[in-house]
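Before any comments, here is the structure.
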Amino acid sequence: MHRILLFIYSLFCTVCVFSQTVNVGVMLPLHDVDGDGRRMVEYYRGILMAVDQLKQDGMNVNVHAWNVPIDADPRPTLLQKGAKECNVIFGPLYTKQVKLMGDFCKSYGIKMVIPFSISGNDVDSNPQIYQVYQSPDVLNTTAIKQVAEHFSADWHPVFIDCNDTTSRKGVFTFALRNILEQRGVTYNITNLNSSPAMFAKAFSLTKPNLVILNTGRSPELTRALAKLDELTEANSNVQISMFGYTEWLMYAKLNRDRFCKYDTYVPSTFYYNESSVLTQSFLAKYKANFGQDMMYALPHFALTGYDHAMYFIGNRRQWLQTPLIFIKQGANGGYRNTAFMLVHYKPNGAVEAVTY
């Protein structure tokens, strides 16, 4: 009898929760004028797919969408019918629109989700803001910390200078080298143009080697992988792992076998597992709903919108591509996303994504 009463109470609570309507606002450039608009339309479609799923699960959700392009003053949009009744608003895309929309959301107690890249620190003083985007500086710091924690002093780091004058990865490699020096860890530096013999001298034969390139570009990565192939063919006892960059996920289809061969770790804030049953189901539904495939991008915008909507509307902590872990910013601030992943291409051919 006690279990039956608990079940009835639980069912009653569920019905009560679902009987409440969640009002959702989307204030983004929803147009076909340029890339920003097309990307945000796809993101919006992902939100709609999540809402459709939540409605099937019994939730009541209303969605209001407004086109807020780059040159728009958001104030007329904020005066539109339904805006102040929203429980959550996704947007804006542009930094110059954040302050006005943030003040509006603060006045009416609306969660404001800033999904993509902006500058500014409004999240530090507005308790209604949820900032998903993480700056390159933050991601660099987190990645360096993971390298330092994941790879102990038993490893031998090898930095490969790829002669890429356009690279911005020097901030990462310079900071990592400083930490290694502070910890008394010996490392070597070699060059893509080095002869096979000179290249081999940078590697340890007694310790596992951790290889770090100073560029994220595909041509230099391809050359580095070829150099490593040459090295390991001549020295079968050389142990190698690689620590890469988020951009490498774009090249994974071409390089997956060698990523696995060299035990590669890629830092990221997202991971798209296209072989997942759930992902395949989403892709099929997207094409059925909208008559086209998702555009090629990393991260995929429709999947991002889906994950964000499931989190903020449905309070779901599962994700298809984009994990979310928010930390409150001070007593009067909002919430900043701190989710970080290491995508690990294992020597056995498997790929795992570990969220920190």
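Each chain of the structure tokens is named A, B, ... in the order shown, its residues numbered from 1; ligands are numbered from 1 in display order.
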Next item on the list: May I have all residues of range 13-240 of chain A that DSSP, computed from the backbone, assigns to strand (DSSP E or B), given as number ranges by chain?
Entry: A: 21-28, 60-67, 88-90, 111-114, 129-131, 156-161, 188-191, 209-213, 240
Wanna dump the range 231-302 of chain A-range 196-215 of chain A contacts at 7 Å for me, each residue with its shortest atom pair and the distance in Å to one decimal, counting only C-alpha atoms, ordered by chain and number, as a Markdown table?
| residue | atom | partner | partner_atom | distance |
| --- | --- | --- | --- | --- |
| A:Leu231 | CA | A:Ala200 | CA | 6.4 |
| A:Asn237 | CA | A:Leu205 | CA | 6.7 |
| A:Val238 | CA | A:Leu205 | CA | 5.5 |
| A:Gln239 | CA | A:Pro208 | CA | 4.8 |
| A:Ile240 | CA | A:Asn209 | CA | 4.8 |
| A:Ser241 | CA | A:Leu210 | CA | 4.9 |
| A:Met242 | CA | A:Val211 | CA | 4.6 |
| A:Phe243 | CA | A:Ile212 | CA | 5.6 |
| A:Gly244 | CA | A:Ile212 | CA | 6.5 |
Checklist line | Nearby residues (only C-alpha atoms) at most 9 Å from Leu298 in chain A, same-chain spacing under 3 positions excluded, as a ChimeraX atom specification | finding: /A:247,249-250,270-272,301
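Restricting the calculation to only C-alpha atoms, the smallest distance between Lys346 in chain A and any of A:Val266, A:Ala148, A:Leu139, A:Ile160 is found for A:Val266.
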Item checked: Minimum-distance residue to Ala65 in chain A, chosen among A:Ala331, A:Leu180, A:Leu100, A:Val26 (using only C-alpha atoms) -> A:Val26
Margin query: When you look at Tyr345 in chain A with a cut-off of 12 Å (counting only C-alpha atoms), what residues show up, excluding the ones that are within fewer than 3 positions of it in the same chain? I need them as a ChimeraX atom specification.
Written below: /A:241-244,248-249,252-253,255-267,342,348-354
Note to self: Can you pull out every residue from range 110-317 of chain A that DSSP, working from the backbone, puts in helix (DSSP H, G or I), and format the result as an MDAnalysis selection string?
What the structure shows: chainID A and resid 122:124 136:150 170:182 196:201 218:234 246:261 277:290 301:312
Note to self: For a quick check of understanding, using only C-alpha atoms, which of A:Glu85, A:Asp307, A:Ala50, A:Leu30 has the smallest distance to Trp66 in chain A?
What the structure shows: A:Leu30
Notebook entry, point to check: How many Å separate CA of Ala234 in chain A from CA of Cys162 in chain A?
Noted result: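 Atom-to-atom, CA of Ala234 in chain A to CA of Cys162 in chain A, that is 21.6 Å.
Between CA of Ser275 in chain A and CA of Asp293 in chain A the interatomic distance comes to 15.8 Å.
When only C-alpha atoms are used to measure the gap to Val147 in chain A, the shortest distance among A:Ser117, A:Thr173, A:Gln318, A:Asn23 belongs to A:Thr173.
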Next item on the list: Tell me, as a PyMOL selection string, which residues lie within 7 Å of range 89-95 of chain A, counting only C-alpha atoms; anything in the same chain fewer than 4 positions away does not count.
Entry: chain A and resi 24-28+70+111-116+118-119
Next item on the list: Rank A:Ser125, A:Ser268, A:Gln329, A:Asn60 by their smallest atom-to-atom distance to Thr355 in chain A, using only C-alpha atoms, and report the top residue only.
Entry: A:Ser268
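For the atom pair formed by CA of Leu324 in chain A and CA of Asp122 in chain A, the distance is 19.1 Å, given to one decimal.
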